[in-house]
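Trainee: Handing you a structure now.
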Amino acid sequence: MGVPKRIKRYEGQHALVDGIPYVMPISCVDSPALFAGFQINADKAKKFLPGNELHPFRLWNGKGLLLITVINYLETSIGKYIEFSIAIACTHGRKPAPRMLPGLFMGHYGTGQYVIDLPVSSEISVKGGKGIWGMPKHQAKLDYEVTDEIVSSQYEKDEQFAMRIEIDRPSRTWIPINVGATNYCQFRNMLMASYIYFKGKAGMNLFGNANARLYIGDHPKTAPLRELEIDGDALLTMFIPEANGILDDHMETWFLIHDEPPEKMPEGLESVVNLGLDEEWLEPPSETDYERYRI
């Protein structure tokens, strides 16, 4: 999935949406990103996916995939911020897809990730990400640390530990990455798909070499993830020291379809209408005895 020519044609032009000024395209420059994938119970993952047309992506062994992606956006149209994505790999269509094939034929199967939770550092990022693309953003305490040995990020909300991810830093970052990805989100009880394109050089570790530690706290936004029966040994880890990304201004939206009438209305426009354009961050997460929360 390459960057559409349409995006390249309007480079350097301007947009103003919900009071947020953008220099097009909406992009990030030289921003470090970490990724980690963990095997999960695909049948139990289904309950985290809204409506009838999202299905868990299944690996060769029938397992699903939990994806943790944390990006330290150093330069964007809306300032600096950290974004901590918690998602389930999925397909989109009338029925579940075969195992593994959606990884090769992504367009045919609507392969992407359903974003369960997306804490960010700044209010303006919440306003733009949720109000325009329907992403489940909310402001939280986040950090992003890179050492010679480890890349890590911690997430805290309402003075409560929510999650921490650590990966061993790859010894080399030489693999060229040039990929597009689809993010599915639920907002206003609709399914929204947005598209992002990333380039950079990555270091990647797989299977037994993919050393990572995932810690899940008791916060209501993250504690239910334990139901997924997450394998504590990561399937893959990746680090991109200088990722360059473009968020497409084009998106798709569908009504979420259910077998029975929905009983309640999930989060909607009321959650963004009064947000401002503040780029300030909350205080960093506190020191926590997170070891007891390790998966």
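Naming scheme: A, B, ... for chains in displayed order of the structure tokens; residues 1 onward per chain; ligands 1 onward as shown.
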Hey, what's within 6 Å of stretch 134-137 of chain A if we count only C-alpha atoms and toss same-chain stuff fewer than 2 positions away? As a PDB file with C-alpha atoms, in the first residue's frame, please?

Mentor:
```pdb
ATOM      1  CA  ASP A 117      -7.199   2.003  23.321  1.00  0.00           C
ATOM      2  CA  LEU A 118      -5.068   4.961  22.207  1.00  0.00           C
ATOM      3  CA  PRO A 119      -3.737   7.215  24.978  1.00  0.00           C
ATOM      4  CA  VAL A 126      -7.216  13.895  21.172  1.00  0.00           C
ATOM      5  CA  GLY A 129      -7.511  12.066  16.211  1.00  0.00           C
ATOM      6  CA  LYS A 130     -10.918  11.373  17.717  1.00  0.00           C
ATOM      7  CA  GLY A 131     -12.957  14.181  16.192  1.00  0.00           C
ATOM      8  CA  ILE A 132     -11.712  13.662  12.611  1.00  0.00           C
ATOM      9  CA  CYS A 185     -11.820   2.332  15.267  1.00  0.00           C
ATOM     10  CA  PHE A 187     -16.739   6.138  17.264  1.00  0.00           C
TER      11      PHE A 187
END
```

Trainee: Using only C-alpha atoms, which protein or nucleic acid residues come within 10 Å of A:Met163? Drop anything in the same chain fewer than 4 positions from it, and give the result as a count of residues only.

Mentor: 20

Trainee: Taking only C-alpha atoms into account, which of A:Glu267, A:Asp30, A:Glu283, A:Asp168 comes nearest A:Asn72?

Mentor: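 Of A:Glu267, A:Asp30, A:Glu283, A:Asp168, the one nearest A:Asn72, counting only C-alpha atoms, is A:Asp30.
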
Trainee: Considering only C-alpha atoms, return as a PyMOL selection string whatever protein or nucleic-acid residues lie within 8 Å of A:Ala36, sequence-local ones (same chain, fewer than 2 positions apart) excluded.

Mentor: chain A and resi 34+38+67-69+167+212+234-238

Trainee: Neighbouring residues of A:Glu123 were defined as those with any atom within 12 Å, considering only C-alpha atoms; residues of the same chain fewer than 6 positions away were excluded. Please report them as an mmCIF file with C-alpha atoms, in the first residue's frame.

Mentor:
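Wrote it out as around19.cif, contents follow:
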```
data_model
loop_
_atom_site.group_PDB
_atom_site.id
_atom_site.type_symbol
_atom_site.label_atom_id
_atom_site.label_comp_id
_atom_site.auth_asym_id
_atom_site.auth_seq_id
_atom_site.Cartn_x
_atom_site.Cartn_y
_atom_site.Cartn_z
ATOM 1 C CA ILE A 20 -6.789 22.789 13.947
ATOM 2 C CA ILE A 78 0.076 19.498 15.968
ATOM 3 C CA GLY A 79 3.323 19.477 17.918
ATOM 4 C CA LYS A 80 5.137 16.774 19.843
ATOM 5 C CA TYR A 81 3.289 13.938 21.536
ATOM 6 C CA ILE A 82 3.521 10.235 22.407
ATOM 7 C CA GLU A 83 0.912 7.802 21.121
ATOM 8 C CA GLY A 129 -7.511 12.066 16.211
ATOM 9 C CA LYS A 130 -10.918 11.373 17.717
ATOM 10 C CA GLY A 131 -12.957 14.181 16.192
ATOM 11 C CA LYS A 137 -7.733 8.877 21.869
ATOM 12 C CA HIS A 138 -7.657 10.307 25.376
ATOM 13 C CA GLN A 139 -5.007 12.190 27.281
ATOM 14 C CA ALA A 140 -2.871 10.192 29.698
ATOM 15 C CA LYS A 141 0.532 10.167 31.370
ATOM 16 C CA SER A 271 -16.434 13.741 24.074
ATOM 17 C CA VAL A 272 -14.666 16.124 21.676
ATOM 18 C CA ASN A 274 -15.375 21.127 24.124
ATOM 19 C CA LEU A 275 -11.730 20.117 23.633
ATOM 20 C CA GLY A 276 -9.157 22.816 22.966
ATOM 21 C CA LEU A 277 -5.837 23.029 21.124
ATOM 22 C CA ASP A 278 -3.507 22.618 24.098
ATOM 23 C CA GLU A 279 -0.174 20.957 23.253
ATOM 24 C CA GLU A 280 0.937 20.649 26.900
ATOM 25 C CA TRP A 281 1.605 17.202 28.358
ATOM 26 C CA LEU A 282 0.563 15.818 31.708
#
```

Trainee: Name the residues of stretch 43-267 of chain A that fall into strand (DSSP E or B) according to DSSP on the backbone, using the chain letters and numbers of this document, as a VMD selection string.

Mentor: chain A and resid 54 to 56 64 to 73 76 81 to 92 112 to 120 122 137 to 139 141 to 142 145 to 146 150 to 157 160 to 168 175 to 187 190 to 206 212 to 216 236 to 255

Trainee: Pull C-alpha atoms from the residues just selected and write them as a short mmCIF file (atom, residue, chain, number, x, y, z; two decimals), in the first residue's frame.

Mentor:
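Result went into out_19.cif, see below:
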```cif
data_model
loop_
_atom_site.label_atom_id
_atom_site.label_comp_id
_atom_site.auth_asym_id
_atom_site.auth_seq_id
_atom_site.Cartn_x
_atom_site.Cartn_y
_atom_site.Cartn_z
CA LEU A 54 -14.53 -7.39 11.95
CA HIS A 55 -12.84 -10.74 12.58
CA PRO A 56 -9.61 -11.68 14.38
CA GLY A 64 -4.80 -14.14 17.20
CA LEU A 65 -2.37 -11.22 17.51
CA LEU A 66 -2.23 -8.35 20.00
CA LEU A 67 -0.24 -5.40 18.65
CA ILE A 68 1.40 -2.76 20.85
CA THR A 69 2.76 0.26 18.95
CA VAL A 70 4.25 3.30 20.65
CA ILE A 71 5.47 6.28 18.65
CA ASN A 72 7.26 9.30 20.06
CA TYR A 73 6.14 11.92 17.55
CA THR A 76 4.05 16.88 13.52
CA TYR A 81 3.29 13.94 21.54
CA ILE A 82 3.52 10.24 22.41
CA GLU A 83 0.91 7.80 21.12
CA PHE A 84 0.45 4.39 22.77
CA SER A 85 -1.65 2.07 20.59
CA ILE A 86 -3.22 -1.16 21.86
CA ALA A 87 -4.84 -3.12 19.03
CA ILE A 88 -5.96 -6.51 17.75
CA ALA A 89 -4.97 -7.61 14.24
CA CYS A 90 -8.14 -8.15 12.22
CA THR A 91 -9.83 -8.52 8.85
CA HIS A 92 -12.93 -6.76 7.53
CA GLY A 112 -5.62 -4.08 9.55
CA GLN A 113 -5.81 -3.57 13.28
CA TYR A 114 -8.73 -2.65 15.49
CA VAL A 115 -7.54 -0.06 18.00
CA ILE A 116 -8.90 -0.83 21.45
CA ASP A 117 -7.20 2.00 23.32
CA LEU A 118 -5.07 4.96 22.21
CA PRO A 119 -3.74 7.22 24.98
CA VAL A 120 -1.78 10.27 23.84
CA SER A 122 -1.72 16.18 24.40
CA LYS A 137 -7.73 8.88 21.87
CA HIS A 138 -7.66 10.31 25.38
CA GLN A 139 -5.01 12.19 27.28
CA LYS A 141 0.53 10.17 31.37
CA LEU A 142 3.05 8.58 29.00
CA GLU A 145 12.67 5.86 26.84
CA VAL A 146 15.46 4.59 24.60
CA ILE A 150 15.96 -1.32 25.94
CA VAL A 151 13.15 0.68 24.34
CA SER A 152 10.17 1.18 26.65
CA SER A 153 6.99 3.14 27.28
CA GLN A 154 4.68 3.38 30.29
CA TYR A 155 1.01 4.42 30.41
CA GLU A 156 -0.79 5.77 33.46
CA LYS A 157 -4.34 7.12 33.72
CA GLN A 160 -3.37 4.38 38.17
CA PHE A 161 -0.91 2.12 36.36
CA ALA A 162 -2.39 0.93 33.06
CA MET A 163 0.36 -0.66 30.93
CA ARG A 164 4.07 -0.86 30.24
CA ILE A 165 5.90 -2.33 27.26
CA GLU A 166 9.64 -3.03 27.03
CA ILE A 167 11.54 -4.53 24.13
CA ASP A 168 15.20 -5.40 23.83
CA ILE A 175 15.83 -3.38 7.31
CA PRO A 176 14.09 -0.92 4.92
CA ILE A 177 10.44 -0.42 5.89
CA ASN A 178 7.93 1.12 3.50
CA VAL A 179 4.43 0.01 4.47
CA GLY A 180 0.84 1.14 4.67
CA ALA A 181 -1.54 0.12 7.45
CA THR A 182 -5.26 0.31 8.14
CA ASN A 183 -6.55 1.36 11.55
CA TYR A 184 -10.14 0.45 12.42
CA CYS A 185 -11.82 2.33 15.27
CA GLN A 186 -15.28 2.65 16.80
CA PHE A 187 -16.74 6.14 17.26
CA MET A 190 -19.75 3.60 13.58
CA LEU A 191 -16.74 1.73 12.24
CA MET A 192 -14.09 4.11 10.92
CA ALA A 193 -11.03 3.15 8.88
CA SER A 194 -8.00 5.42 8.53
CA TYR A 195 -4.78 4.82 6.63
CA ILE A 196 -1.18 5.53 7.53
CA TYR A 197 2.07 5.07 5.59
CA PHE A 198 5.46 4.55 7.24
CA LYS A 199 9.04 4.60 6.01
CA GLY A 200 12.30 4.05 7.87
CA LYS A 201 15.00 1.55 8.75
CA ALA A 202 14.09 -1.01 11.37
CA GLY A 203 15.63 -3.59 13.60
CA MET A 204 13.43 -6.65 13.99
CA ASN A 205 13.47 -9.77 16.14
CA LEU A 206 11.22 -12.81 15.71
CA ALA A 212 9.79 -8.18 25.32
CA ARG A 213 8.04 -7.60 28.63
CA LEU A 214 4.36 -6.60 28.79
CA TYR A 215 2.79 -5.39 32.02
CA ILE A 216 -0.98 -4.84 32.32
CA LEU A 236 7.88 -10.22 17.10
CA THR A 237 9.45 -6.93 18.12
CA MET A 238 10.62 -4.02 16.00
CA PHE A 239 12.27 -0.65 16.57
CA ILE A 240 12.49 2.19 14.05
CA PRO A 241 14.76 4.96 15.40
CA GLU A 242 13.64 7.51 12.80
CA ALA A 243 10.23 6.74 11.35
CA ASN A 244 8.63 9.04 8.79
CA GLY A 245 4.89 8.72 8.43
CA ILE A 246 1.91 10.18 6.58
CA LEU A 247 -1.67 9.99 7.84
CA ASP A 248 -4.12 9.94 4.94
CA ASP A 249 -6.84 12.61 4.96
CA HIS A 250 -9.14 10.07 3.26
CA MET A 251 -11.11 7.74 5.53
CA GLU A 252 -13.99 5.27 5.29
CA THR A 253 -16.97 4.89 7.58
CA TRP A 254 -19.63 2.20 7.97
CA PHE A 255 -22.60 1.74 10.28
#
```

Trainee: Which of these, A:Asp43, A:Glu260, A:Glu75, A:Asp289, has the shortest distance to A:Gly62 once you count only C-alpha atoms?

Mentor: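 Under the stated criterion, the closest residue is A:Asp43.
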
Trainee: Nearest residue to A:Trp60 out of A:Arg99, A:Arg226, A:Lys127, A:Lys264, using only C-alpha atoms?

Mentor: A:Arg99
